[in-house]
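Each remark here refers to the structure printed beneath this line.
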Amino acid sequence: MEKQAIEYEKVILVGCQTNEDDLRFQYSMEELESLTETANGKVLTSLVQKRERIHPSTYIGKGKVEELAALQEELEANLIIFNDELSPSQVRNLSSGIEARIIDRTQLILDIFAQRARSKEGKLQVELAQLQYLLPRLGGQGTQLSRLGAGIGTRGPGETKLESDRRHIRRRIDDIKGQLEVIVSHRDRYRERRKKNKAFQMALVGYTNAGKSTLFNRLTEADSYEENQLFATLDPMSRKVILPSGFSTILTDTVGFIQDLPTTLIAAFRSTLEEVKEADLLLHVVDMSSPDYFQHEQTVNKLLSDLAIQDIPQLTVYNKKDIQHPDFVPTSNAESVSISAFHKQDRHLLKNKIEEIVRDRMEVYHVEVPATEGKLLAQLKLETILRELLFDEEKQVYNCKGYALADHQISGQISKYTV
């Protein structure tokens, strides 16, 4: 069967630069272009205006709106994307003079999330964020919400279409929240089990497209979706990573962060970020090849701080060393390592670095384990960092030295064999 050709929408981007510096504004417009391409849009041109502040009723000034209308007609663009979140009245006012559909940065990100969500939970989270975004904007939508499934049984006597749509959306929001609560409680149980078994947990965080999924796949030999696109990963995925000593850890891949991420989306992807809250170590992946790497690093740290998880130990992983930007200088205050996720040697270097960090949080043990305790010996290899294992024929015991997490159940199990 032939692959269907992708239809690209013809897009004009619109940005309003207020008091931010030129470089930051330029990057945010470039990012908007990348987001548009990820959503299968073809950017024809960008229209930018410098203003003291955003125009309250039309975002850009009246003259620029006329210029935009003429540009849209000339280029036959069918979509105009604004670089900031628009208010319902701004959308209404702009739509009255412009033929093309008008959306903002938030809607664009929501659209990409809708394309990317794979799990039931991911899809529900996206729908919830879309409905919460839509609810206050119903007036400007021409109230045509048939795509949300409003129909027989949703309208009360004498209600207007708008009111019934609002009621329908609120009901759906409550329904989704209920379904998500069930899913979250399931995951909490899994997490409790992991905690009980005290697996050492790590989470990959970083700006979108920094190479997290590529690194995740190479470290765990999993099949997480990896693509040179923004937001390739939405659903949290956890896999086992064996460190050089044989010590077993759990690694979770997470959704990419982005500057000016809409608050509805931070809430929507609470699930992925909850995995981060439980981590013992964060691997903060930074793309060394991006000219805006420093901005990306700061954005992620700010979001971690907003989520109250900035205190978890962090290892900064500067990735894409093979295509490093000429102006790149490491800026992290945390421990850091520079790698290319594709190079086996670099991945080994990273695993060694992780092992060092894990070992620093462990306590030294020296035990004599009876030869009959085969299961315990196997556990020592997996659940501790075993440095020495010698068999004493005379005593018929294994002399074991290494490092173990103090609050791990194995510490209790081996305490009776301590030398």
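Just remember, in the structure tokens the first chain shown is A, the second B, etc., residues are 1-based per chain, and ligands are 1-based in the order shown.
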Quick one: DSSP alpha helix (DSSP H) residues in stretch 22-222 of chain A, as a ChimeraX atom specification? /A:22-38,62-75,88-97,105-116,120-134,161-196,212-220
One decimal, Å: what's the distance from atom CA of A:Gly61 over to atom CA of A:Val48, could you say?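 These atoms are spaced 10.8 Å apart.
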Fewer than 3 positions away in the same chain doesn't count, so skip those; otherwise give me all residues within 10 Å of A:Asp322, counting only C-alpha atoms, as an MDAnalysis selection string. chainID A and resid 288:289 319 325 338:343
Compile the contact shell of A:Arg359 as a PyMOL selection string: residues with an atom at most 10 Å away, counting only C-alpha atoms, same-chain residues fewer than 5 positions apart removed. chain A and resi 353-354+364+384-385+402-405
With all heavy atoms retained, write the just-selected residues as a PDB file, in the first residue's frame.
ATOM      1  N   LYS A 353      30.432   7.389  35.182  1.00  0.00           N
ATOM      2  CA  LYS A 353      30.178   8.626  35.928  1.00  0.00           C
ATOM      3  C   LYS A 353      28.956   8.449  36.842  1.00  0.00           C
ATOM      4  O   LYS A 353      28.956   8.862  38.005  1.00  0.00           O
ATOM      5  CB  LYS A 353      29.943   9.775  34.925  1.00  0.00           C
ATOM      6  CG  LYS A 353      29.816  11.134  35.556  1.00  0.00           C
ATOM      7  CD  LYS A 353      31.157  11.672  36.015  1.00  0.00           C
ATOM      8  CE  LYS A 353      31.022  13.027  36.660  1.00  0.00           C
ATOM      9  NZ  LYS A 353      32.182  13.398  37.456  1.00  0.00           N
ATOM     10  N   ILE A 354      27.908   7.816  36.288  1.00  0.00           N
ATOM     11  CA  ILE A 354      26.694   7.567  37.088  1.00  0.00           C
ATOM     12  C   ILE A 354      27.043   6.672  38.268  1.00  0.00           C
ATOM     13  O   ILE A 354      26.629   6.908  39.401  1.00  0.00           O
ATOM     14  CB  ILE A 354      25.587   6.907  36.209  1.00  0.00           C
ATOM     15  CG1 ILE A 354      25.077   7.896  35.164  1.00  0.00           C
ATOM     16  CG2 ILE A 354      24.427   6.407  37.086  1.00  0.00           C
ATOM     17  CD1 ILE A 354      24.204   7.282  34.082  1.00  0.00           C
ATOM     18  N   VAL A 364      29.930   1.542  52.716  1.00  0.00           N
ATOM     19  CA  VAL A 364      30.816   0.388  52.474  1.00  0.00           C
ATOM     20  C   VAL A 364      30.331  -0.809  53.296  1.00  0.00           C
ATOM     21  O   VAL A 364      29.866  -0.654  54.416  1.00  0.00           O
ATOM     22  CB  VAL A 364      32.266   0.746  52.897  1.00  0.00           C
ATOM     23  CG1 VAL A 364      33.190  -0.458  52.731  1.00  0.00           C
ATOM     24  CG2 VAL A 364      32.777   1.924  52.082  1.00  0.00           C
ATOM     25  N   THR A 384      23.825  -4.177  44.671  1.00  0.00           N
ATOM     26  CA  THR A 384      24.883  -3.393  45.315  1.00  0.00           C
ATOM     27  C   THR A 384      26.025  -3.251  44.306  1.00  0.00           C
ATOM     28  O   THR A 384      26.005  -3.877  43.253  1.00  0.00           O
ATOM     29  CB  THR A 384      25.435  -4.099  46.583  1.00  0.00           C
ATOM     30  OG1 THR A 384      26.307  -5.175  46.180  1.00  0.00           O
ATOM     31  CG2 THR A 384      24.329  -4.652  47.470  1.00  0.00           C
ATOM     32  N   ILE A 385      26.974  -2.416  44.638  1.00  0.00           N
ATOM     33  CA  ILE A 385      28.172  -2.333  43.783  1.00  0.00           C
ATOM     34  C   ILE A 385      29.211  -3.245  44.427  1.00  0.00           C
ATOM     35  O   ILE A 385      29.811  -2.920  45.452  1.00  0.00           O
ATOM     36  CB  ILE A 385      28.678  -0.873  43.671  1.00  0.00           C
ATOM     37  CG1 ILE A 385      27.621  -0.031  42.929  1.00  0.00           C
ATOM     38  CG2 ILE A 385      30.016  -0.819  42.946  1.00  0.00           C
ATOM     39  CD1 ILE A 385      27.971   1.440  42.759  1.00  0.00           C
ATOM     40  N   GLY A 402      32.016  -4.248  49.123  1.00  0.00           N
ATOM     41  CA  GLY A 402      31.391  -3.372  48.129  1.00  0.00           C
ATOM     42  C   GLY A 402      30.650  -2.223  48.781  1.00  0.00           C
ATOM     43  O   GLY A 402      30.934  -1.845  49.911  1.00  0.00           O
ATOM     44  N   TYR A 403      29.690  -1.698  48.035  1.00  0.00           N
ATOM     45  CA  TYR A 403      28.919  -0.541  48.490  1.00  0.00           C
ATOM     46  C   TYR A 403      27.434  -0.852  48.351  1.00  0.00           C
ATOM     47  O   TYR A 403      27.012  -1.412  47.338  1.00  0.00           O
ATOM     48  CB  TYR A 403      29.234   0.700  47.634  1.00  0.00           C
ATOM     49  CG  TYR A 403      30.690   1.088  47.633  1.00  0.00           C
ATOM     50  CD1 TYR A 403      31.585   0.497  46.731  1.00  0.00           C
ATOM     51  CD2 TYR A 403      31.170   2.053  48.512  1.00  0.00           C
ATOM     52  CE1 TYR A 403      32.928   0.844  46.719  1.00  0.00           C
ATOM     53  CE2 TYR A 403      32.512   2.413  48.508  1.00  0.00           C
ATOM     54  CZ  TYR A 403      33.391   1.811  47.611  1.00  0.00           C
ATOM     55  OH  TYR A 403      34.717   2.155  47.609  1.00  0.00           O
ATOM     56  N   ALA A 404      26.631  -0.450  49.345  1.00  0.00           N
ATOM     57  CA  ALA A 404      25.181  -0.674  49.287  1.00  0.00           C
ATOM     58  C   ALA A 404      24.442   0.560  49.775  1.00  0.00           C
ATOM     59  O   ALA A 404      24.963   1.323  50.589  1.00  0.00           O
ATOM     60  CB  ALA A 404      24.808  -1.879  50.148  1.00  0.00           C
ATOM     61  N   LEU A 405      23.229   0.750  49.261  1.00  0.00           N
ATOM     62  CA  LEU A 405      22.388   1.857  49.723  1.00  0.00           C
ATOM     63  C   LEU A 405      21.911   1.538  51.135  1.00  0.00           C
ATOM     64  O   LEU A 405      21.368   0.461  51.391  1.00  0.00           O
ATOM     65  CB  LEU A 405      21.179   2.026  48.795  1.00  0.00           C
ATOM     66  CG  LEU A 405      21.499   2.555  47.383  1.00  0.00           C
ATOM     67  CD1 LEU A 405      20.332   2.300  46.450  1.00  0.00           C
ATOM     68  CD2 LEU A 405      21.843   4.040  47.405  1.00  0.00           C
TER      69      LEU A 405
END
What is the atom CA of A:Gly15-atom CA of A:Asp84 distance in Å, reported with one decimal?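 Separating atom CA of A:Gly15 from atom CA of A:Asp84 is a distance of 7.5 Å.
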Best match for closeness to A:Gln345 among A:Leu282, A:Leu219, A:Val43, A:Ile81, counting only C-alpha atoms: A:Leu219
Could you check which of A:Asp287, A:Asp175, A:Glu33, A:Asp311 is closest to A:Leu108, using only C-alpha atoms? A:Glu33
Enter the distance from atom CA of A:Thr106 to atom CA of A:Leu32, in Å, rounded to one decimal.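 The value is 10.5 Å.
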Name all residues at most 8 Å from A:Cys16 (count only C-alpha atoms; drop same-chain ones fewer than 6 positions away) and give them as a list in words. Val48, Gln49, Lys50, Arg51, Ile54, Tyr59, Ile60 and Asn83 of chain A
Check the DSSP output for the backbone and give back, as a ChimeraX atom specification, the residues of stretch 29-91 of chain A in strand (DSSP E). /A:41-50,79-82
Could you pull the residues within 10 Å of A:Gln90, counting only C-alpha atoms, minus those fewer than 6 positions along the same chain, as a list in words? His55, Pro56, Ser57, Thr58, Tyr59, Ile60 and Gly140 of chain A
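The smallest atom-to-atom distance between A:His348 and any of A:Arg218, A:Lys416, A:Lys321, A:Arg24, using only C-alpha atoms, is found for A:Arg218.
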Fewer than 6 positions away in the same chain doesn't count, so skip those; otherwise give me all residues within 12 Å of A:Glu393, counting only C-alpha atoms, as a PDB file with N, CA, C and O atoms, in the first residue's frame.
ATOM      1  N   PRO A 370      27.702 -17.314  53.535  1.00  0.00           N
ATOM      2  CA  PRO A 370      27.848 -18.771  53.388  1.00  0.00           C
ATOM      3  C   PRO A 370      27.619 -19.208  51.940  1.00  0.00           C
ATOM      4  O   PRO A 370      26.780 -18.623  51.237  1.00  0.00           O
ATOM      5  N   ALA A 371      28.352 -20.212  51.515  1.00  0.00           N
ATOM      6  CA  ALA A 371      28.258 -20.711  50.143  1.00  0.00           C
ATOM      7  C   ALA A 371      26.841 -21.172  49.805  1.00  0.00           C
ATOM      8  O   ALA A 371      26.450 -21.209  48.630  1.00  0.00           O
ATOM      9  N   ASN A 399      33.833 -14.082  50.667  1.00  0.00           N
ATOM     10  CA  ASN A 399      34.245 -12.826  51.262  1.00  0.00           C
ATOM     11  C   ASN A 399      33.847 -11.706  50.287  1.00  0.00           C
ATOM     12  O   ASN A 399      34.388 -11.621  49.178  1.00  0.00           O
TER      13      ASN A 399
END
From A:Arg239, A:Arg137, A:Arg187, A:His366, residue lying nearest A:Glu85 [only C-alpha atoms]: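 Under the stated criterion, the closest residue is A:Arg137.
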